[in-house]
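Trainee: Structure in structure tokens, see below.
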Amino acid sequence: MKLQRTIRLRTAAVGALTVCGALALSACGSDDNSGGSGSDTTKAASKIKCEGEGNLLASGSSAQKNAMDIWTQTYQSACGSTQINYKPTGSGAGIQEFLQGKTAFAGSDSALKPEEVAKSKKVCKSGQGIDLPMVGGPIAVTYHLEGVEDLVLDADTLAKIFDSKITKWNDPAIKKLNPDAKLPGKKIQAFHRSDESGTTDNFTKYLNAAAPSSWKHEPEKAWAGKGGQGADGSSGIATNVKQNDGSIGYAELSYATGNDLDTVKLDTGAKEPVEATADNASKAIADAKVVGQGKDLALELNYKTKSEGAYPIVLVTYEIACDKGNKKESLDAMKSFLTYTASEDGQKALKDKGYAPIPDEIITKVRTTIDGLS
Amino acid sequence: MATENPPATAGPPASAASAASAKGATRKGDRIFLGLSRGSGITLLVIMAAIAVFLTWRAALAINADEANFLTSFEWDANANPPRFGIAVLAFGTVVSSVIAMVVAVPIAVGIALFISHYAPRKLATPLGYVIDLLAAVPSIVYGLWGALFLVPHLTGLYTWLDEYFGWTGIFTYEGGAARSLFTVGILLAIMILPIVTNVSREVFRQSPKMQEEAALALGATRWEVIRMSVLPFGRSGVISASMLGLGRALGETMAVATVLSPSFLIKASLLQPGGGTFAQNIAAGFKEAGSMGRDALIASGLVLFVITLLVNGAARLIIARRKEYSGANA
């Protein structure tokens, strides 16, 4: 009898473990799904112009997932006849599906490559694939170091830390940037993404542009730096940084705030070190140049920006659609949905979720382009 | 005459009829059952052939485009132009982590199986069996999360100890940091394959001939001698089959490894240093953001895993065939 009770207890324990696992999983998928509820939704929803109906299929970047969740919820409460289905499969798979004609548009953390534009002419028939910047977000550098609350680093030290050229926390380069902090002589454990990801791509683009003499690796989705430890997904980085004293890593801002992690302030050359916040990221995106040809609005970020309060490690994610020759059955719904996401309400809805709205100058161009999609 | 009136005739016609039905060709039920079982067999072959053809075809595309040596190079840059990738690190990591898992799991599993089948009182044996079944039902991602959140932080002590006493061997040097190495993966995999090896071994040990055991006891053998002389030789091929089933799971495990391991395309001499990778883990890590060449390269690595598994199973068959004389189950 006693034994059976133990068994039952163990069953319960395993059950609890499973539930915890499920919770942890859903937690790493999205930090907050409750956004856009209540009166905000209805107010915003009333301004949406519904057009078209049926299923609107899209897939791609998982960095956009939380934003898409909020937009989809608000949009569908206004336009019930359209079902939006965004699968966060990753940018590479999203572009692939778009090029195969399976989806109406793709979400991607990087703009289309020339060979992908060439391939898109097949799907778009009369036109080609174009990039529409829609969401931005700061990539926070998170750290865990007992006794140090405000850590300031610059591009050069970051590059050296992540390339295992600086290995101790009390290295003179770090000391120089933090004269008042009590830095321990601990080994630095640098964590990077072990899976291929747009976050890594954008983070190394920053290192490569802002500290070219210390970061000589080509920016890529797969980690190219030397040494350090790899962890799976942004949640893997957050978990490991939290677990290990003396560690540093990089992840989207929402993972840093969601896990109560300290973030590094960046010495960009501006008067004050810049904190990773949505506002500061927007300021950096405002410094970007549009480099896309014709209707393509691909951006080139200014990673060396010294503007006051501009946080330059940002990720801009795009929606990719055809400028001409979109699929007839989903064109109206797609235009109506993208018009909403690019609208003031659509952009504002993201602010407290760790995303940075696209600055006015660029988003106006996006709106005009969406208007002209055919 | 004879065929018109079967009951009246004796001998040849009746025996001819029974011979025909023994071939399974005359009765309807026999024919249906033959068709069904043959169909199942063919389906299995078709599925395996479809997987093998798909893997080979896509892999051939990737390997032809590969600028590095596919078997020996230490890099994975399949999305670059031109692509460069090699499976040396993955093959090493997969084999090493699985071997560690086997070394840890098989002795424990055999111990548990013997305890349940020969030592434990029935009251204890049955619930213990249930607990082991339960262990088999835990999904691998949960093992992964448990490994990452619980096992990894608690292994630093063992790592430091190993480094202090066995660091001189070179394979147990540890330089501090999170314990996310092939050794940790091996331990986690050992826990994951424990139930399958235990359950199959237990069933085999249970079937060991009672007469032999009792004969040994009657000759004055102790319990350990009985197990050594009659149970273990009888169960050996069963234990090997069980281990192979477990090894199959360890070789192909994906999510748990991806969650726990800190991968890199280097082979470290020390098992305790983070780094390395396994086939399945690398596919999981690279698949989402891969371009078309990257995907084919991952599929090519999948083909190698397929071949390794095939070889391992073949080797197990050989061992079992050689030990046939001991085994009642395979006779």
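Starting from 1 in every chain, residues are counted up; chains themselves are A, B, ... following the order of the structure tokens, and ligands are numbered from 1 as listed.
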Check every residue of chain B for an atom within 7 Å of chain A, counting only C-alpha atoms, and provide those that qualify as a ChimeraX atom specification.
Mentor: /B:127,142,145,177-178,258-259,262-263,274,285-286,288-291
Trainee: Could the residues in this selection be written to a file with N, CA and C atoms, as a PDB file, in the first residue's frame?
Mentor:
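selection28.pdb was written with the following content:
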```pdb
ATOM      1  N   PRO B 127       5.819  -2.705  -9.134  1.00  0.00           N
ATOM      2  CA  PRO B 127       5.873  -1.236  -9.207  1.00  0.00           C
ATOM      3  C   PRO B 127       7.166  -0.709  -9.820  1.00  0.00           C
ATOM      4  N   VAL B 142      11.616  17.093 -22.723  1.00  0.00           N
ATOM      5  CA  VAL B 142      11.574  17.255 -21.269  1.00  0.00           C
ATOM      6  C   VAL B 142      12.898  16.801 -20.653  1.00  0.00           C
ATOM      7  N   LEU B 145      15.219  19.689 -21.244  1.00  0.00           N
ATOM      8  CA  LEU B 145      15.052  20.809 -20.312  1.00  0.00           C
ATOM      9  C   LEU B 145      15.570  20.446 -18.928  1.00  0.00           C
ATOM     10  N   GLY B 177      33.547  26.522 -16.203  1.00  0.00           N
ATOM     11  CA  GLY B 177      32.487  26.908 -17.136  1.00  0.00           C
ATOM     12  C   GLY B 177      31.346  25.909 -17.088  1.00  0.00           C
ATOM     13  N   ALA B 178      30.259  26.249 -17.757  1.00  0.00           N
ATOM     14  CA  ALA B 178      29.081  25.390 -17.741  1.00  0.00           C
ATOM     15  C   ALA B 178      29.412  24.020 -18.341  1.00  0.00           C
ATOM     16  N   ALA B 258      20.372  18.853 -28.470  1.00  0.00           N
ATOM     17  CA  ALA B 258      20.423  20.250 -28.901  1.00  0.00           C
ATOM     18  C   ALA B 258      20.245  21.199 -27.719  1.00  0.00           C
ATOM     19  N   THR B 259      19.477  20.780 -26.728  1.00  0.00           N
ATOM     20  CA  THR B 259      19.245  21.657 -25.580  1.00  0.00           C
ATOM     21  C   THR B 259      20.439  21.684 -24.633  1.00  0.00           C
ATOM     22  N   SER B 262      26.821  22.354 -25.984  1.00  0.00           N
ATOM     23  CA  SER B 262      27.325  23.588 -26.565  1.00  0.00           C
ATOM     24  C   SER B 262      28.166  23.202 -27.773  1.00  0.00           C
ATOM     25  N   PRO B 263      27.593  23.268 -28.977  1.00  0.00           N
ATOM     26  CA  PRO B 263      28.284  22.692 -30.124  1.00  0.00           C
ATOM     27  C   PRO B 263      29.340  23.618 -30.731  1.00  0.00           C
ATOM     28  N   PRO B 274      33.341  21.803 -23.510  1.00  0.00           N
ATOM     29  CA  PRO B 274      32.214  22.003 -24.421  1.00  0.00           C
ATOM     30  C   PRO B 274      32.695  21.994 -25.866  1.00  0.00           C
ATOM     31  N   ALA B 285      19.742  22.258 -35.465  1.00  0.00           N
ATOM     32  CA  ALA B 285      20.243  23.616 -35.309  1.00  0.00           C
ATOM     33  C   ALA B 285      20.285  24.355 -36.644  1.00  0.00           C
ATOM     34  N   GLY B 286      20.561  23.648 -37.731  1.00  0.00           N
ATOM     35  CA  GLY B 286      20.775  24.326 -39.003  1.00  0.00           C
ATOM     36  C   GLY B 286      19.570  24.365 -39.925  1.00  0.00           C
ATOM     37  N   LYS B 288      16.310  25.272 -39.759  1.00  0.00           N
ATOM     38  CA  LYS B 288      15.333  26.361 -39.866  1.00  0.00           C
ATOM     39  C   LYS B 288      15.793  27.488 -40.774  1.00  0.00           C
ATOM     40  N   GLU B 289      17.069  27.828 -40.704  1.00  0.00           N
ATOM     41  CA  GLU B 289      17.540  28.980 -41.467  1.00  0.00           C
ATOM     42  C   GLU B 289      18.319  28.568 -42.707  1.00  0.00           C
ATOM     43  N   ALA B 290      18.240  27.291 -43.087  1.00  0.00           N
ATOM     44  CA  ALA B 290      19.072  26.818 -44.188  1.00  0.00           C
ATOM     45  C   ALA B 290      18.505  27.225 -45.540  1.00  0.00           C
ATOM     46  N   GLY B 291      19.391  27.518 -46.471  1.00  0.00           N
ATOM     47  CA  GLY B 291      18.987  27.683 -47.863  1.00  0.00           C
ATOM     48  C   GLY B 291      18.899  26.314 -48.495  1.00  0.00           C
TER      49      GLY B 291
END
```
Trainee: Using only C-alpha atoms, what does the table of range 247-313 of chain B residues within 10 Å of range 221-242 of chain B look like, with each row giving the shortest atom pair and its distance in Å to one decimal, sorted by chain and ascending number, as a Markdown table?
Mentor:
```
| residue | atom | partner | partner_atom | distance |
| --- | --- | --- | --- | --- |
| B:Leu247 | CA | B:Ala242 | CA | 8.6 |
| B:Gly248 | CA | B:Ala242 | CA | 9.9 |
| B:Asn313 | CA | B:Ser241 | CA | 8.9 |
```
Trainee: Compile the contact shell of Ser140 in chain B as an NGL selection string: residues with an atom at most 9 Å away, counting only C-alpha atoms, same-chain residues fewer than 4 positions apart removed.
Mentor: :B and (144-145 or 192 or 253-256)
Trainee: In terms of the shortest atom-to-atom distance over only C-alpha atoms, which of A:Leu99, A:Cys124, A:Val366, A:Ala181 is closest to Val148 in chain A?
Mentor: A:Ala181
Trainee: For range 107-120 of chain B, list every protein, DNA or RNA residue within 12 Å, evaluated using only C-alpha atoms, and leave out those in the same chain fewer than 2 positions away; present the list as an NGL selection string.
Mentor: :B and (100-105 or 122-132 or 190-208 or 210 or 213 or 223-224 or 226-228 or 231-232 or 235-236 or 238-240 or 242-243 or 246)
Trainee: With N, CA and C atoms retained, could you export that selection as a short mmCIF file (atom, residue, chain, number, x, y, z; two decimals), in the first residue's frame?
Mentor:
```cif
data_model
loop_
_atom_site.label_atom_id
_atom_site.label_comp_id
_atom_site.auth_asym_id
_atom_site.auth_seq_id
_atom_site.Cartn_x
_atom_site.Cartn_y
_atom_site.Cartn_z
N ILE B 100 29.52 6.59 -24.62
CA ILE B 100 29.45 6.93 -23.18
C ILE B 100 28.10 6.49 -22.62
N ALA B 101 27.03 6.76 -23.38
CA ALA B 101 25.70 6.38 -22.93
C ALA B 101 25.61 4.87 -22.70
N MET B 102 26.17 4.09 -23.63
CA MET B 102 26.10 2.64 -23.51
C MET B 102 26.90 2.15 -22.30
N VAL B 103 28.11 2.71 -22.14
CA VAL B 103 28.98 2.28 -21.05
C VAL B 103 28.30 2.54 -19.70
N VAL B 104 27.60 3.67 -19.61
CA VAL B 104 26.94 3.99 -18.35
C VAL B 104 25.65 3.19 -18.20
N ALA B 105 24.86 3.11 -19.27
CA ALA B 105 23.49 2.59 -19.13
C ALA B 105 23.40 1.07 -19.08
N ARG B 122 8.02 -9.92 -5.30
CA ARG B 122 7.04 -9.52 -6.31
C ARG B 122 6.42 -8.16 -6.02
N LYS B 123 6.17 -7.91 -4.72
CA LYS B 123 5.53 -6.64 -4.32
C LYS B 123 6.34 -5.44 -4.79
N LEU B 124 7.64 -5.61 -4.84
CA LEU B 124 8.50 -4.51 -5.23
C LEU B 124 8.75 -4.52 -6.73
N ALA B 125 8.83 -5.74 -7.29
CA ALA B 125 9.21 -5.87 -8.70
C ALA B 125 8.20 -5.20 -9.63
N THR B 126 6.89 -5.42 -9.35
CA THR B 126 5.88 -4.89 -10.26
C THR B 126 5.89 -3.36 -10.30
N PRO B 127 5.82 -2.70 -9.13
CA PRO B 127 5.87 -1.24 -9.21
C PRO B 127 7.17 -0.71 -9.82
N LEU B 128 8.27 -1.37 -9.56
CA LEU B 128 9.54 -0.93 -10.13
C LEU B 128 9.46 -0.96 -11.66
N GLY B 129 8.80 -2.03 -12.17
CA GLY B 129 8.60 -2.14 -13.61
C GLY B 129 7.80 -0.95 -14.14
N TYR B 130 6.76 -0.56 -13.39
CA TYR B 130 5.94 0.57 -13.81
C TYR B 130 6.76 1.84 -13.90
N VAL B 131 7.60 2.05 -12.87
CA VAL B 131 8.40 3.27 -12.84
C VAL B 131 9.30 3.35 -14.07
N ILE B 132 9.85 2.18 -14.43
CA ILE B 132 10.74 2.18 -15.60
C ILE B 132 9.96 2.48 -16.87
N ALA B 190 22.24 8.22 -21.50
CA ALA B 190 22.21 6.98 -20.73
C ALA B 190 20.89 6.87 -19.97
N ILE B 191 20.47 7.99 -19.36
CA ILE B 191 19.20 7.96 -18.63
C ILE B 191 18.05 7.70 -19.59
N MET B 192 18.15 8.28 -20.79
CA MET B 192 17.06 8.12 -21.75
C MET B 192 16.94 6.71 -22.30
N ILE B 193 18.08 6.00 -22.44
CA ILE B 193 17.98 4.65 -23.01
C ILE B 193 17.84 3.58 -21.94
N LEU B 194 17.96 3.99 -20.68
CA LEU B 194 17.86 3.03 -19.58
C LEU B 194 16.58 2.20 -19.63
N PRO B 195 15.40 2.82 -19.78
CA PRO B 195 14.17 2.01 -19.74
C PRO B 195 14.09 0.97 -20.83
N ILE B 196 14.49 1.33 -22.04
CA ILE B 196 14.30 0.37 -23.14
C ILE B 196 15.23 -0.83 -22.95
N VAL B 197 16.49 -0.58 -22.53
CA VAL B 197 17.43 -1.68 -22.32
C VAL B 197 16.96 -2.54 -21.14
N THR B 198 16.51 -1.87 -20.07
CA THR B 198 16.05 -2.60 -18.89
C THR B 198 14.86 -3.50 -19.22
N ASN B 199 13.87 -2.95 -19.90
CA ASN B 199 12.65 -3.71 -20.15
C ASN B 199 12.89 -4.94 -20.99
N VAL B 200 13.65 -4.80 -22.06
CA VAL B 200 13.89 -5.95 -22.93
C VAL B 200 14.72 -6.99 -22.18
N SER B 201 15.77 -6.55 -21.45
CA SER B 201 16.60 -7.50 -20.71
C SER B 201 15.77 -8.24 -19.67
N ARG B 202 14.90 -7.51 -18.99
CA ARG B 202 14.07 -8.14 -17.95
C ARG B 202 13.23 -9.26 -18.53
N GLU B 203 12.61 -8.99 -19.69
CA GLU B 203 11.78 -10.03 -20.31
C GLU B 203 12.62 -11.25 -20.68
N VAL B 204 13.84 -11.00 -21.17
CA VAL B 204 14.70 -12.12 -21.56
C VAL B 204 15.10 -12.93 -20.33
N PHE B 205 15.51 -12.24 -19.26
CA PHE B 205 15.93 -12.95 -18.05
C PHE B 205 14.79 -13.76 -17.46
N ARG B 206 13.59 -13.23 -17.57
CA ARG B 206 12.43 -13.94 -17.03
C ARG B 206 12.21 -15.27 -17.72
N GLN B 207 12.60 -15.31 -19.02
CA GLN B 207 12.35 -16.52 -19.79
C GLN B 207 13.46 -17.55 -19.66
N SER B 208 14.48 -17.25 -18.87
CA SER B 208 15.57 -18.23 -18.77
C SER B 208 15.01 -19.51 -18.16
N LYS B 210 13.74 -22.43 -16.21
CA LYS B 210 13.65 -22.69 -14.77
C LYS B 210 14.37 -23.99 -14.40
N GLU B 213 18.01 -23.43 -13.88
CA GLU B 213 18.28 -22.68 -12.66
C GLU B 213 18.15 -23.60 -11.45
N ARG B 223 23.10 -18.06 -5.49
CA ARG B 223 22.24 -17.35 -6.43
C ARG B 223 23.07 -16.66 -7.51
N TRP B 224 24.15 -16.04 -7.11
CA TRP B 224 25.01 -15.36 -8.08
C TRP B 224 25.56 -16.36 -9.09
N VAL B 226 24.12 -19.13 -10.00
CA VAL B 226 23.01 -19.50 -10.89
C VAL B 226 22.89 -18.47 -12.00
N ILE B 227 22.91 -17.20 -11.59
CA ILE B 227 22.76 -16.14 -12.58
C ILE B 227 23.92 -16.17 -13.57
N ARG B 228 25.13 -16.39 -13.04
CA ARG B 228 26.29 -16.36 -13.91
C ARG B 228 26.28 -17.54 -14.87
N VAL B 231 21.51 -17.86 -16.20
CA VAL B 231 20.69 -16.73 -16.68
C VAL B 231 21.45 -15.86 -17.67
N LEU B 232 22.66 -15.45 -17.31
CA LEU B 232 23.40 -14.53 -18.18
C LEU B 232 23.75 -15.14 -19.54
N GLY B 235 20.66 -15.14 -21.53
CA GLY B 235 20.12 -13.82 -21.90
C GLY B 235 21.06 -12.97 -22.71
N ARG B 236 22.28 -13.46 -22.97
CA ARG B 236 23.28 -12.57 -23.56
C ARG B 236 22.82 -11.94 -24.87
N GLY B 238 19.88 -11.54 -25.94
CA GLY B 238 18.77 -10.63 -25.67
C GLY B 238 19.27 -9.29 -25.19
N VAL B 239 20.26 -9.31 -24.31
CA VAL B 239 20.81 -8.06 -23.79
C VAL B 239 21.48 -7.27 -24.92
N ILE B 240 22.15 -8.01 -25.81
CA ILE B 240 22.78 -7.31 -26.93
C ILE B 240 21.72 -6.65 -27.81
N ALA B 242 18.80 -5.67 -26.89
CA ALA B 242 18.26 -4.55 -26.11
C ALA B 242 19.20 -3.35 -26.20
N SER B 243 20.51 -3.61 -26.07
CA SER B 243 21.47 -2.52 -26.13
C SER B 243 21.44 -1.85 -27.49
N GLY B 246 18.62 0.50 -27.68
CA GLY B 246 18.99 1.71 -26.95
C GLY B 246 19.97 2.55 -27.73
#
```
Trainee: Let me make sure I understand: among B:Ala216, B:Val304, B:Leu36, B:Leu90, which one has the smallest atom-to-atom distance to Phe74 in chain B if we use only C-alpha atoms?
Mentor: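 Smallest distance to Phe74 in chain B is found for B:Leu90.
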Trainee: Give me every strand (DSSP E or B) residue in range 179-313 of chain A, going by DSSP on the backbone, as a ChimeraX atom specification.
Mentor: /A:187,189-193,229-231,247-252,262-263,265-267,274,289-290,299-300
Trainee: For Ala140 in chain A, list every protein, DNA or RNA residue within 6 Å, evaluated using only C-alpha atoms, and leave out those in the same chain fewer than 2 positions away; present the list as a ChimeraX atom specification.
Mentor: /A:138,142,250-253,276
Trainee: Assign secondary structure with DSSP using the backbone only, and return the residues of range 59-263 of chain B in helix (DSSP H, G or I) as a PyMOL selection string.
Mentor: chain B and resi 59-65+88-119+122-137+140-169+182-206+210-218+223-252+255-260
Trainee: For Ala78 in chain B, find every residue with an atom within 9 Å (counting only C-alpha atoms), except residues of its own chain fewer than 3 positions away, and show them as number ranges by chain.
Mentor: B: 62, 66, 75, 81-85, 290-291, 293-298
Trainee: So that I can check the surroundings of range 333-343 of chain A, please list as a PyMOL selection string every protein, DNA and RNA residue that reaches within 6 Å of it, counting only C-alpha atoms and ignoring chain neighbours fewer than 3 positions away.
Mentor: chain A and resi 51-53+330+346
Trainee: Go ahead and save the residues from that selection, with N, CA and C atoms, as a PDB file, in the first residue's frame.
Mentor:
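Result saved to selection16.pdb:
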```
ATOM      1  N   GLU A  51     -10.555  44.415 -46.222  1.00  0.00           N
ATOM      2  CA  GLU A  51     -10.782  44.090 -47.624  1.00  0.00           C
ATOM      3  C   GLU A  51     -10.382  42.644 -47.847  1.00  0.00           C
ATOM      4  N   GLY A  52     -11.014  42.019 -48.828  1.00  0.00           N
ATOM      5  CA  GLY A  52     -10.666  40.638 -49.129  1.00  0.00           C
ATOM      6  C   GLY A  52     -11.142  39.698 -48.043  1.00  0.00           C
ATOM      7  N   GLU A  53     -11.043  38.404 -48.323  1.00  0.00           N
ATOM      8  CA  GLU A  53     -11.449  37.419 -47.329  1.00  0.00           C
ATOM      9  C   GLU A  53     -10.715  36.111 -47.577  1.00  0.00           C
ATOM     10  N   SER A 330      -5.337  36.380 -52.668  1.00  0.00           N
ATOM     11  CA  SER A 330      -4.981  36.895 -51.350  1.00  0.00           C
ATOM     12  C   SER A 330      -4.523  38.350 -51.378  1.00  0.00           C
ATOM     13  N   GLY A 346      -0.830  50.183 -35.675  1.00  0.00           N
ATOM     14  CA  GLY A 346      -0.128  48.910 -35.776  1.00  0.00           C
ATOM     15  C   GLY A 346       1.264  49.009 -35.178  1.00  0.00           C
TER      16      GLY A 346
END
```
